[in-house]
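Have a look at input-v8.txt; it's compact mmCIF, C-alpha atoms and all ligand atoms:
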```
# COMPACT_ATOMS: atom_id res chain seq x y z
CA MET D 1 16.58 -8.48 13.65
CA ALA D 2 14.61 -6.88 10.78
CA HIS D 3 11.40 -5.21 11.98
CA LYS D 4 7.98 -6.20 10.72
CA VAL D 5 6.38 -3.65 8.41
CA SER D 6 2.77 -2.77 9.24
CA SER D 7 0.28 -2.72 6.38
CA ARG D 8 -0.26 1.01 6.98
CA GLU D 9 3.47 1.73 6.69
CA LEU D 10 3.67 -0.49 3.63
CA GLY D 11 0.81 1.42 2.02
CA LEU D 12 2.48 4.78 2.65
CA ILE D 13 5.84 3.62 1.30
CA LEU D 14 4.34 1.85 -1.70
CA GLY D 15 2.26 4.92 -2.48
CA ALA D 16 5.29 7.22 -2.35
CA ARG D 17 7.35 4.91 -4.55
CA LEU D 18 4.62 4.27 -7.11
CA LEU D 19 3.74 7.94 -7.29
CA LYS D 20 7.46 8.82 -7.36
CA THR D 21 7.01 11.50 -4.76
CA GLU D 22 8.99 12.65 -1.75
CA ASP D 23 5.91 13.72 0.19
CA LEU D 24 3.25 11.56 1.75
CA HIS D 25 0.70 14.35 1.98
CA TYR D 26 -1.89 15.46 -0.55
CA GLY D 27 -1.23 18.06 -3.19
CA TYR D 28 -2.77 21.56 -3.13
CA TRP D 29 -4.24 22.06 -6.60
CA VAL D 30 -5.04 25.45 -8.02
CA PRO D 31 -7.83 26.14 -10.55
CA GLY D 32 -6.69 25.50 -14.12
CA GLN D 33 -3.84 23.18 -13.08
CA GLU D 34 -4.08 19.93 -15.02
CA VAL D 35 -4.78 17.10 -12.58
CA THR D 36 -2.22 14.49 -13.65
CA LEU D 37 0.29 12.25 -11.93
CA ARG D 38 3.06 14.34 -13.51
CA ASN D 39 1.77 17.46 -11.75
CA LEU D 40 1.43 15.78 -8.35
CA PRO D 41 4.92 16.74 -7.06
CA ALA D 42 4.25 20.39 -7.95
CA ALA D 43 0.90 20.26 -6.17
CA GLN D 44 2.55 18.68 -3.13
CA THR D 45 5.18 21.43 -3.10
CA ALA D 46 2.35 23.98 -3.18
CA HIS D 47 0.77 22.12 -0.25
CA SER D 48 4.02 22.30 1.76
CA ASP D 49 4.37 26.01 0.90
CA TYR D 50 0.79 26.59 2.04
CA LEU D 51 1.45 24.72 5.30
CA LEU D 52 4.68 26.57 6.05
CA SER D 53 3.02 29.91 5.33
CA LYS D 54 0.70 29.18 8.27
CA ILE D 55 3.47 29.05 10.88
CA PRO D 56 3.01 32.06 13.15
CA ALA D 57 5.74 34.65 13.55
CA GLY D 58 8.01 34.08 16.53
CA VAL D 59 8.10 30.29 16.23
CA LYS D 60 11.64 28.93 16.48
CA THR D 61 11.36 25.30 17.58
CA ILE D 62 9.09 22.74 15.94
CA LEU D 63 8.20 19.11 16.63
CA ASP D 64 7.11 17.43 13.38
CA VAL D 65 4.84 14.56 14.45
CA GLY D 66 4.75 11.74 11.89
CA CYS D 67 7.48 13.18 9.70
CA GLY D 68 7.10 10.57 6.92
CA THR D 69 10.09 10.83 4.58
CA GLY D 70 11.32 13.94 6.41
CA HIS D 71 10.72 16.21 3.44
CA VAL D 72 8.58 18.76 5.28
CA ALA D 73 11.11 18.75 8.16
CA GLN D 74 13.87 19.42 5.63
CA LEU D 75 11.97 22.43 4.27
CA LEU D 76 11.50 23.71 7.83
CA LEU D 77 15.23 23.38 8.54
CA GLN D 78 16.03 25.22 5.32
CA ARG D 79 13.85 28.07 6.55
CA GLY D 80 15.85 28.27 9.75
CA TYR D 81 13.57 26.51 12.24
CA GLU D 82 14.99 24.09 14.81
CA VAL D 83 13.22 20.83 14.14
CA GLU D 84 12.80 17.49 15.89
CA CYS D 85 10.68 14.65 14.53
CA VAL D 86 8.53 11.79 15.71
CA SER D 87 8.42 8.77 13.42
CA PRO D 88 6.96 5.42 14.53
CA ALA D 89 7.38 3.67 11.17
CA PRO D 90 10.90 2.19 10.99
CA LEU D 91 11.18 2.14 7.19
CA LEU D 92 10.09 5.76 6.92
CA THR D 93 12.37 6.67 9.83
CA GLU D 94 15.32 5.29 7.84
CA VAL D 95 14.37 7.42 4.84
CA ALA D 96 13.97 10.51 7.04
CA ARG D 97 17.29 9.86 8.81
CA LYS D 98 19.14 9.71 5.50
CA ARG D 99 17.49 12.92 4.38
CA LEU D 100 17.93 14.90 7.58
CA GLY D 101 21.36 13.67 8.66
CA PRO D 102 22.63 12.65 12.10
CA ASP D 103 22.21 16.05 13.79
CA VAL D 104 18.40 16.07 13.67
CA THR D 105 16.68 14.19 16.48
CA ILE D 106 14.09 11.70 15.26
CA TYR D 107 12.20 9.95 18.04
CA PRO D 108 11.45 6.48 16.64
CA THR D 109 8.12 6.12 18.39
CA THR D 110 4.49 7.18 18.38
CA LEU D 111 3.36 10.50 19.83
CA GLU D 112 1.49 8.54 22.49
CA ALA D 113 4.70 6.79 23.62
CA LEU D 114 7.01 9.78 23.19
CA ASP D 115 9.16 10.26 26.25
CA THR D 116 10.88 13.63 26.25
CA ALA D 117 11.31 16.60 28.54
CA SER D 118 11.69 18.95 25.54
CA THR D 119 9.07 21.55 24.73
CA TYR D 120 8.43 23.40 21.47
CA ASP D 121 6.98 26.61 20.07
CA LEU D 122 4.93 24.60 17.59
CA VAL D 123 3.83 21.00 17.22
CA LEU D 124 3.07 20.12 13.61
CA PHE D 125 0.82 17.39 12.24
CA SER D 126 0.98 17.18 8.47
CA GLU D 127 -1.56 14.48 7.65
CA SER D 128 -0.61 12.55 10.77
CA PHE D 129 -3.36 13.88 13.03
CA GLN D 130 -5.88 11.30 11.83
CA TYR D 131 -3.76 8.41 13.15
CA ILE D 132 -4.00 9.43 16.80
CA SER D 133 -7.15 9.84 18.85
CA PRO D 134 -7.74 13.54 19.68
CA ASP D 135 -8.37 12.38 23.26
CA GLU D 136 -4.69 11.43 23.31
CA SER D 137 -3.07 13.98 20.98
CA LEU D 138 -4.70 17.16 22.32
CA PRO D 139 -3.60 16.74 25.99
CA ARG D 140 -0.20 15.30 24.97
CA VAL D 141 0.55 18.32 22.79
CA LEU D 142 -0.29 20.68 25.66
CA GLU D 143 2.55 19.02 27.63
CA LEU D 144 4.91 19.48 24.68
CA LEU D 145 4.17 23.15 24.04
CA ASN D 146 5.92 26.18 25.43
CA PRO D 147 3.55 28.58 27.23
CA ASP D 148 2.87 30.57 24.03
CA GLY D 149 2.98 27.53 21.78
CA HIS D 150 0.77 26.38 18.92
CA LEU D 151 -0.51 23.19 17.37
CA LEU D 152 -0.67 23.36 13.56
CA LEU D 153 -2.53 20.58 11.80
CA CYS D 154 -3.33 19.93 8.17
CA ASP D 155 -5.44 16.83 7.64
CA PHE D 156 -8.81 15.58 6.55
CA PHE D 157 -11.75 14.75 8.80
CA ALA D 158 -14.83 12.61 8.20
CA LEU D 159 -18.21 14.28 7.67
CA PRO D 160 -21.44 12.77 9.05
CA SER D 161 -22.26 11.57 5.49
CA ASP D 162 -19.15 9.34 5.56
CA GLY D 163 -20.99 6.20 6.70
CA ASP D 164 -19.74 3.24 4.73
CA SER D 165 -18.00 5.13 1.90
CA ALA D 166 -14.97 3.48 0.26
CA LEU D 167 -12.81 6.32 1.57
CA SER D 168 -11.44 5.53 4.96
CA GLY D 169 -9.69 7.76 7.47
CA GLY D 170 -10.19 11.02 9.29
CA HIS D 171 -11.63 11.71 12.72
CA PRO D 172 -15.32 12.67 12.69
CA LEU D 173 -15.18 16.47 12.42
CA ASP D 174 -18.13 17.21 14.72
CA ARG D 175 -16.75 14.97 17.46
CA PHE D 176 -13.32 16.59 17.07
CA TYR D 177 -14.76 20.08 17.73
CA THR D 178 -16.58 18.76 20.79
CA THR D 179 -13.37 17.21 22.15
CA LEU D 180 -11.35 20.32 21.30
CA ALA D 181 -13.70 22.48 23.36
CA THR D 182 -12.74 20.54 26.49
CA TYR D 183 -9.06 21.59 26.29
CA PRO D 184 -7.46 25.00 26.78
CA TYR D 185 -6.84 25.80 23.12
CA VAL D 186 -7.98 28.76 21.06
CA LEU D 187 -8.85 27.93 17.45
CA THR D 188 -6.88 30.76 15.84
CA PHE D 189 -7.83 29.76 12.31
CA ASP D 190 -9.60 26.89 10.63
CA GLU D 191 -9.42 26.85 6.83
CA ASP D 192 -11.31 24.42 4.62
CA ILE D 193 -9.09 23.33 1.73
CA THR D 194 -11.17 20.35 0.61
CA ALA D 195 -11.62 21.76 -2.90
CA GLN D 196 -7.88 22.25 -3.34
CA THR D 197 -6.97 18.76 -2.08
CA ALA D 198 -9.81 16.64 -3.55
CA PRO D 199 -8.15 16.38 -7.02
CA ASN D 200 -5.61 13.96 -5.46
CA LEU D 201 -8.35 11.37 -5.49
CA GLN D 202 -8.62 11.80 -9.24
CA VAL D 203 -4.89 11.11 -9.64
CA ILE D 204 -5.23 7.92 -7.59
CA ASP D 205 -8.43 6.90 -9.39
CA ASP D 206 -6.73 7.37 -12.78
CA MET D 207 -3.85 5.18 -11.62
CA LEU D 208 -6.20 2.48 -10.38
CA ARG D 209 -8.15 2.59 -13.66
CA ASP D 210 -5.09 2.59 -15.93
CA TYR D 211 -2.83 0.15 -14.11
CA PHE D 212 -4.18 -1.67 -11.09
CA ILE D 213 -7.66 -2.67 -12.26
CA PRO D 214 -6.40 -4.19 -15.56
CA VAL D 215 -3.65 -6.10 -13.69
CA TRP D 216 -6.13 -7.28 -11.05
CA GLU D 217 -8.71 -8.40 -13.61
CA THR D 218 -6.11 -10.20 -15.72
CA LEU D 219 -4.74 -12.05 -12.71
CA ALA D 220 -8.25 -12.95 -11.54
CA TYR D 221 -9.03 -14.32 -15.04
CA TYR D 222 -5.80 -16.34 -15.07
CA PHE D 223 -6.48 -17.94 -11.69
CA ARG D 224 -10.15 -18.66 -12.48
CA THR D 225 -9.30 -20.40 -15.77
CA ASN D 226 -5.90 -21.98 -15.05
CA LYS D 227 -6.01 -22.68 -11.33
CA PRO D 228 -9.68 -23.16 -10.43
CA TRP D 229 -8.75 -25.66 -7.71
CA LEU D 230 -6.59 -23.00 -6.00
CA VAL D 231 -9.40 -20.44 -6.21
CA ARG D 232 -11.82 -22.97 -4.68
CA LEU D 233 -9.32 -23.78 -1.94
CA LEU D 234 -8.56 -20.20 -0.97
CA ARG D 235 -12.01 -18.67 -1.47
CA PRO D 236 -13.36 -19.42 2.03
CA PHE D 237 -10.33 -17.72 3.62
CA LEU D 238 -9.88 -14.78 1.30
CA ARG D 239 -13.40 -13.95 0.09
CA LYS D 240 -14.14 -11.26 2.70
CA ARG D 241 -10.71 -9.63 2.29
CA ILE D 242 -10.97 -9.60 -1.49
CA GLU D 243 -14.49 -8.16 -1.40
CA LYS D 244 -13.24 -5.39 0.91
CA LEU D 245 -10.24 -4.70 -1.33
CA GLU D 246 -12.41 -4.62 -4.44
CA PHE D 247 -14.94 -2.29 -2.80
CA LYS D 248 -12.22 0.01 -1.47
CA TYR D 249 -9.97 0.24 -4.50
CA PHE D 250 -11.63 -1.19 -7.57
CA SER D 251 -15.25 -0.02 -7.35
CA ARG D 252 -14.25 3.35 -8.86
CA SER D 253 -15.82 5.12 -5.90
CA ARG D 254 -12.65 6.84 -4.65
CA THR D 255 -13.35 10.00 -6.58
CA ALA D 256 -12.79 13.70 -5.94
CA GLU D 257 -16.59 14.14 -5.73
CA ALA D 258 -16.84 11.41 -3.08
CA PHE D 259 -14.01 13.06 -1.13
CA ILE D 260 -15.85 16.40 -1.19
CA ARG D 261 -19.08 14.68 -0.08
CA HIS D 262 -17.59 12.63 2.75
CA LYS D 263 -14.48 14.46 3.98
CA SER D 264 -13.41 17.91 5.04
CA TYR D 265 -9.72 18.71 4.58
CA ARG D 266 -8.72 21.43 7.01
CA CYS D 267 -5.75 23.42 8.16
CA MET D 268 -6.09 24.57 11.76
CA LEU D 269 -3.96 26.54 14.15
CA LEU D 270 -4.73 25.84 17.78
CA SER D 271 -2.97 28.15 20.16
CA ARG D 272 -2.63 27.54 23.87
CA SER D 273 -5.20 29.69 25.63
CA GLY D 274 -3.48 32.96 26.34
CA ALA D 275 -0.80 32.44 23.65
CA GLY D 276 0.44 35.66 22.09
CA SER D 277 -1.35 37.81 24.67
C1 LIG O 1 0.38 10.35 5.59
S1 LIG O 1 1.92 10.28 6.41
C2 LIG O 1 2.38 12.01 6.46
C3 LIG O 1 3.87 12.18 6.47
C4 LIG O 1 4.40 13.60 6.48
N1 LIG O 1 3.99 14.33 7.66
C5 LIG O 1 4.01 14.36 5.23
O1 LIG O 1 3.33 15.37 5.35
O2 LIG O 1 4.43 13.95 4.13
C6 LIG O 1 1.46 9.93 8.08
C7 LIG O 1 2.61 9.91 9.07
O3 LIG O 1 2.07 9.74 10.38
C8 LIG O 1 2.89 8.83 11.09
N2 LIG O 1 2.13 8.27 12.22
C9 LIG O 1 1.17 7.33 12.21
N3 LIG O 1 0.74 7.07 13.46
C10 LIG O 1 1.44 7.87 14.29
C11 LIG O 1 1.47 8.06 15.72
N4 LIG O 1 0.67 7.36 16.52
N5 LIG O 1 2.34 8.95 16.25
C12 LIG O 1 3.16 9.66 15.43
N6 LIG O 1 3.16 9.53 14.08
C13 LIG O 1 2.32 8.65 13.51
C14 LIG O 1 3.33 7.83 10.01
O4 LIG O 1 4.47 7.08 10.41
C15 LIG O 1 3.63 8.79 8.86
O5 LIG O 1 4.92 9.30 8.99
```
Represent the structure contained in this file as structure tokens.
Amino acid sequence: MAHKVSSRELGLILGARLLKTEDLHYGYWVPGQEVTLRNLPAAQTAHSDYLLSKIPAGVKTILDVGCGTGHVAQLLLQRGYEVECVSPAPLLTEVARKRLGPDVTIYPTTLEALDTASTYDLVLFSESFQYISPDESLPRVLELLNPDGHLLLCDFFALPSDGDSALSGGHPLDRFYTTLATYPYVLTFDEDITAQTAPNLQVIDDMLRDYFIPVWETLAYYFRTNKPWLVRLLRPFLRKRIEKLEFKYFSRSRTAEAFIRHKSYRCMLLSRSGAGS
């Protein structure tokens, strides 16, 4: 039987298809680079290169948690790492399977439900860390790491100013540090790449302005004028959802400046206490 697609999975797949990109993570933009949809794949490649450059020497085996389309895993394999993946989203898992071939193990489950006796030199979260509570991911990763292993994560966190901004997602950064301190990890590095990743919001905002808002407004006009009875009928059921959608996507508040104000995009390497010593 065909599986049901969650709205989160749908969003990720739709985004990748509309943006015509193989990656589901942000781009890493350098000063002077024109921030356009056309340059997004190049910026995403730069992001993957940045991420891979952070893998410590000596790492051989990697678990890619939330592998998306499998593109990052493919790059890791090309660089000679042994890679296994975790992918709870069936549609994305299919895409990753096609890309990686039958020899790469993809666990079709969440990290929380992952049942394996395997352990790894490095557990990677490329923009998948925000989907799992640190109270669950941090202890689970300790079980999955070899004695000298590392957790590498690249993701954004929410700043205290986040409040009710239109930008959702990200664990609260201050609470994350507090939780982290309760586990035997050493924060080997913690780089802030918010400035390099914020331009992605501009790409999305341009797309919303140029395509989605005009389509949305035209459809709304059509239904108000041609099908007022339908609007009246559906309004009580859909009003709250539509207001939320309009605030989130069409209020033009998903900007690079808002991202810089409300989020902190970070790349962190957490090593098991005693790793490398
Ligand atoms: C934004 S995408 C990032 C995909 C990929 N890592 C990349 O860098 O392009 C988020 C990924 O996290 C996965 N994910 C969401 N919840 C998860 C969970 N509880 N356990 C493991 N992966 C999860 C999604 O299926 C998706 O593959």
Sort by chain and increasing residue number a table of all residues of stretch 27-144 of chain D within 8 Å of stretch 176-191 of chain D, each with its closest pair of atoms and their distance in Å to one decimal, counting all atoms listed in the file, and write it as CSV.
```
residue,atom,partner,partner_atom,distance
D:Pro134,CA,D:Phe176,CA,6.9
D:Asp135,CA,D:Thr179,CA,7.0
D:Leu138,CA,D:Tyr183,CA,7.4
D:Pro139,CA,D:Tyr183,CA,7.3
```
Using only C-alpha atoms and all ligand atoms, which residues of the polymer chains come no farther than 10 Å from ligand LIG 1 (chain O)? I'd like the answer as an MDAnalysis selection string.
chainID D and resid 8:9 11:13 15:16 21:26 44 47:48 51 64:73 85:93 96 107:114 124:133 136:137 153:155
So what do you get for atom CA of D:Asn200 versus atom CA of D:Gly27, distance-wise?
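Between atom CA of D:Asn200 and atom CA of D:Gly27 the gap is 6.4 Å.
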Expected residue set, 10 Å radius at (-4.2, 24.8, -7.4), all atoms listed in the file, as a short mmCIF file (atom, residue, chain, number, x, y, z; two decimals) with C-alpha atoms, keeping the file's coordinate frame:
```
data_model
loop_
_atom_site.label_atom_id
_atom_site.label_comp_id
_atom_site.auth_asym_id
_atom_site.auth_seq_id
_atom_site.Cartn_x
_atom_site.Cartn_y
_atom_site.Cartn_z
CA GLY D 27 -1.23 18.06 -3.19
CA TYR D 28 -2.77 21.56 -3.13
CA TRP D 29 -4.24 22.06 -6.60
CA VAL D 30 -5.04 25.45 -8.02
CA PRO D 31 -7.83 26.14 -10.55
CA GLY D 32 -6.69 25.50 -14.12
CA GLN D 33 -3.84 23.18 -13.08
CA GLU D 34 -4.08 19.93 -15.02
CA VAL D 35 -4.78 17.10 -12.58
CA ALA D 42 4.25 20.39 -7.95
CA ALA D 43 0.90 20.26 -6.17
CA ALA D 46 2.35 23.98 -3.18
CA HIS D 47 0.77 22.12 -0.25
CA ALA D 195 -11.62 21.76 -2.90
CA GLN D 196 -7.88 22.25 -3.34
CA THR D 197 -6.97 18.76 -2.08
CA PRO D 199 -8.15 16.38 -7.02
#
```
Selected residue of minimal separation from D:Tyr249 among D:Val59, D:Ile213, D:Leu152, D:Ile106, counting only C-alpha atoms
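Comparing D:Val59, D:Ile213, D:Leu152, D:Ile106 against D:Tyr249, the winner is D:Ile213.
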Can you tell me how far atom CA of D:Ser53 sits from atom CA of D:Asp148, in Å to one decimal?
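Rounded to one decimal, the two atoms are 18.7 Å apart.
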Atom pair atom CA of D:Leu270 / atom CA of D:Ala256: separation (Å):
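Going from atom CA of D:Leu270 over to atom CA of D:Ala256, I get 27.8 Å.
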One residue among D:Pro102, D:Pro56, D:Pro236, D:Pro160 is nearest to D:Asp174 when using only C-alpha atoms, and that residue is D:Pro160
For stretch 141-160 of chain D, I'd like the enclosing box, axis-aligned and padded by 8 Å on every side, reported as AutoDock Vina command-line options with centre and edge lengths in Å to one decimal.
```
--center_x -7.8 --center_y 21.6 --center_z 17.1 --size_x 43.4 --size_y 34.0 --size_z 37.1
```
For D:Leu100, which residue out of D:Leu76, D:Leu144, D:Leu10, D:Val123 is the nearest one, using only C-alpha atoms?
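Nearest candidate to D:Leu100 out of D:Leu76, D:Leu144, D:Leu10, D:Val123: D:Leu76.
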Do you know which residues are at most 8 Å from stretch 258-264 of chain D counting all atoms listed in the file, after dropping those on the same chain fewer than 2 positions away, and could you put them as a PyMOL selection string?
chain D and resi 156-162+165+167+170+173+192-195+198+201+253-256+266
Please, which residues are within 7 Å of (11.2, 25.3, 19.9) by the file's coordinates, counting all atoms listed in the file, and could they come as a list in words?
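These residues have at least one counted atom within 7 Å: Val59, Lys60, Thr61, Ile62, Glu82, Thr119, Tyr120, Asp121 and Leu122 of chain D.
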Rank D:Val203, D:Ile55, D:Glu94, D:Arg175 by their smallest atom-to-atom distance to D:Asn39, using all atoms listed in the file, and report the top residue only.
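Nearest candidate to D:Asn39 out of D:Val203, D:Ile55, D:Glu94, D:Arg175: D:Val203.
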Residue with smallest distance to D:Met268 - pool D:Lys248, D:Lys54, D:Arg241, D:Arg38, counting only C-alpha atoms:
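With only C-alpha atoms as the atom set, the closest residue is D:Lys54.
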Near D:Ala117, counting all atoms listed in the file, which residues have an atom at most 12 Å away, once you skip same-chain residues fewer than 4 positions from it, shown as a short mmCIF file (atom, residue, chain, number, x, y, z; two decimals) with C-alpha atoms, keeping the file's coordinate frame?
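Final output, saved to result-v5.cif:
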```cif
data_model
loop_
_atom_site.label_atom_id
_atom_site.label_comp_id
_atom_site.auth_asym_id
_atom_site.auth_seq_id
_atom_site.Cartn_x
_atom_site.Cartn_y
_atom_site.Cartn_z
CA GLU D 143 2.55 19.02 27.63
CA LEU D 144 4.91 19.48 24.68
CA LEU D 145 4.17 23.15 24.04
CA ASN D 146 5.92 26.18 25.43
#
```
Take stretch 63-85 of chain D, model N, CA, C and O atoms, and hand the result over as a PDB file, in the coordinates of the input.
```pdb
ATOM      1  N   LEU D  63       8.216  20.574  16.598  1.00  0.00           N
ATOM      2  CA  LEU D  63       8.200  19.110  16.630  1.00  0.00           C
ATOM      3  C   LEU D  63       7.298  18.641  15.495  1.00  0.00           C
ATOM      4  O   LEU D  63       6.105  18.958  15.478  1.00  0.00           O
ATOM      5  N   ASP D  64       7.872  17.926  14.536  1.00  0.00           N
ATOM      6  CA  ASP D  64       7.110  17.430  13.380  1.00  0.00           C
ATOM      7  C   ASP D  64       6.650  16.005  13.717  1.00  0.00           C
ATOM      8  O   ASP D  64       7.440  15.059  13.699  1.00  0.00           O
ATOM      9  N   VAL D  65       5.376  15.876  14.034  1.00  0.00           N
ATOM     10  CA  VAL D  65       4.840  14.560  14.450  1.00  0.00           C
ATOM     11  C   VAL D  65       4.436  13.756  13.215  1.00  0.00           C
ATOM     12  O   VAL D  65       3.599  14.191  12.429  1.00  0.00           O
ATOM     13  N   GLY D  66       5.045  12.576  13.064  1.00  0.00           N
ATOM     14  CA  GLY D  66       4.750  11.740  11.890  1.00  0.00           C
ATOM     15  C   GLY D  66       5.410  12.346  10.681  1.00  0.00           C
ATOM     16  O   GLY D  66       4.746  12.775   9.736  1.00  0.00           O
ATOM     17  N   CYS D  67       6.755  12.374  10.707  1.00  0.00           N
ATOM     18  CA  CYS D  67       7.480  13.180   9.700  1.00  0.00           C
ATOM     19  C   CYS D  67       7.581  12.482   8.351  1.00  0.00           C
ATOM     20  O   CYS D  67       8.141  13.056   7.411  1.00  0.00           O
ATOM     21  N   GLY D  68       7.073  11.251   8.227  1.00  0.00           N
ATOM     22  CA  GLY D  68       7.100  10.570   6.920  1.00  0.00           C
ATOM     23  C   GLY D  68       8.526  10.440   6.399  1.00  0.00           C
ATOM     24  O   GLY D  68       9.414   9.934   7.089  1.00  0.00           O
ATOM     25  N   THR D  69       8.755  10.922   5.191  1.00  0.00           N
ATOM     26  CA  THR D  69      10.090  10.830   4.580  1.00  0.00           C
ATOM     27  C   THR D  69      11.014  11.951   5.048  1.00  0.00           C
ATOM     28  O   THR D  69      12.152  12.037   4.600  1.00  0.00           O
ATOM     29  N   GLY D  70      10.496  12.842   5.893  1.00  0.00           N
ATOM     30  CA  GLY D  70      11.320  13.940   6.410  1.00  0.00           C
ATOM     31  C   GLY D  70      11.394  15.144   5.484  1.00  0.00           C
ATOM     32  O   GLY D  70      12.136  16.094   5.746  1.00  0.00           O
ATOM     33  N   HIS D  71      10.589  15.125   4.422  1.00  0.00           N
ATOM     34  CA  HIS D  71      10.720  16.210   3.440  1.00  0.00           C
ATOM     35  C   HIS D  71      10.230  17.550   3.986  1.00  0.00           C
ATOM     36  O   HIS D  71      10.872  18.583   3.802  1.00  0.00           O
ATOM     37  N   VAL D  72       9.095  17.509   4.697  1.00  0.00           N
ATOM     38  CA  VAL D  72       8.580  18.760   5.280  1.00  0.00           C
ATOM     39  C   VAL D  72       9.573  19.282   6.328  1.00  0.00           C
ATOM     40  O   VAL D  72       9.876  20.479   6.379  1.00  0.00           O
ATOM     41  N   ALA D  73      10.124  18.345   7.137  1.00  0.00           N
ATOM     42  CA  ALA D  73      11.110  18.750   8.160  1.00  0.00           C
ATOM     43  C   ALA D  73      12.323  19.407   7.497  1.00  0.00           C
ATOM     44  O   ALA D  73      12.863  20.405   7.995  1.00  0.00           O
ATOM     45  N   GLN D  74      12.724  18.855   6.354  1.00  0.00           N
ATOM     46  CA  GLN D  74      13.870  19.420   5.630  1.00  0.00           C
ATOM     47  C   GLN D  74      13.563  20.866   5.183  1.00  0.00           C
ATOM     48  O   GLN D  74      14.397  21.766   5.319  1.00  0.00           O
ATOM     49  N   LEU D  75      12.346  21.072   4.690  1.00  0.00           N
ATOM     50  CA  LEU D  75      11.970  22.430   4.270  1.00  0.00           C
ATOM     51  C   LEU D  75      11.979  23.391   5.460  1.00  0.00           C
ATOM     52  O   LEU D  75      12.403  24.547   5.350  1.00  0.00           O
ATOM     53  N   LEU D  76      11.515  22.875   6.617  1.00  0.00           N
ATOM     54  CA  LEU D  76      11.500  23.710   7.830  1.00  0.00           C
ATOM     55  C   LEU D  76      12.921  24.092   8.241  1.00  0.00           C
ATOM     56  O   LEU D  76      13.196  25.241   8.594  1.00  0.00           O
ATOM     57  N   LEU D  77      13.822  23.110   8.179  1.00  0.00           N
ATOM     58  CA  LEU D  77      15.230  23.380   8.540  1.00  0.00           C
ATOM     59  C   LEU D  77      15.824  24.411   7.603  1.00  0.00           C
ATOM     60  O   LEU D  77      16.519  25.332   8.029  1.00  0.00           O
ATOM     61  N   GLN D  78      15.490  24.261   6.302  1.00  0.00           N
ATOM     62  CA  GLN D  78      16.030  25.220   5.320  1.00  0.00           C
ATOM     63  C   GLN D  78      15.540  26.633   5.608  1.00  0.00           C
ATOM     64  O   GLN D  78      16.189  27.606   5.255  1.00  0.00           O
ATOM     65  N   ARG D  79      14.374  26.723   6.229  1.00  0.00           N
ATOM     66  CA  ARG D  79      13.850  28.070   6.550  1.00  0.00           C
ATOM     67  C   ARG D  79      14.324  28.562   7.914  1.00  0.00           C
ATOM     68  O   ARG D  79      13.830  29.561   8.422  1.00  0.00           O
ATOM     69  N   GLY D  80      15.205  27.784   8.539  1.00  0.00           N
ATOM     70  CA  GLY D  80      15.850  28.270   9.750  1.00  0.00           C
ATOM     71  C   GLY D  80      15.192  27.845  11.055  1.00  0.00           C
ATOM     72  O   GLY D  80      15.623  28.283  12.131  1.00  0.00           O
ATOM     73  N   TYR D  81      14.169  26.996  10.998  1.00  0.00           N
ATOM     74  CA  TYR D  81      13.570  26.510  12.240  1.00  0.00           C
ATOM     75  C   TYR D  81      14.432  25.405  12.835  1.00  0.00           C
ATOM     76  O   TYR D  81      15.129  24.696  12.100  1.00  0.00           O
ATOM     77  N   GLU D  82      14.374  25.264  14.166  1.00  0.00           N
ATOM     78  CA  GLU D  82      14.990  24.090  14.810  1.00  0.00           C
ATOM     79  C   GLU D  82      13.917  23.013  14.850  1.00  0.00           C
ATOM     80  O   GLU D  82      12.815  23.271  15.354  1.00  0.00           O
ATOM     81  N   VAL D  83      14.254  21.850  14.319  1.00  0.00           N
ATOM     82  CA  VAL D  83      13.220  20.830  14.140  1.00  0.00           C
ATOM     83  C   VAL D  83      13.619  19.497  14.781  1.00  0.00           C
ATOM     84  O   VAL D  83      14.763  19.065  14.654  1.00  0.00           O
ATOM     85  N   GLU D  84      12.655  18.884  15.468  1.00  0.00           N
ATOM     86  CA  GLU D  84      12.800  17.490  15.890  1.00  0.00           C
ATOM     87  C   GLU D  84      11.592  16.739  15.333  1.00  0.00           C
ATOM     88  O   GLU D  84      10.561  17.354  15.026  1.00  0.00           O
ATOM     89  N   CYS D  85      11.748  15.421  15.180  1.00  0.00           N
ATOM     90  CA  CYS D  85      10.680  14.650  14.530  1.00  0.00           C
ATOM     91  C   CYS D  85      10.265  13.452  15.381  1.00  0.00           C
ATOM     92  O   CYS D  85      11.063  12.923  16.145  1.00  0.00           O
TER      93      CYS D  85
END
```
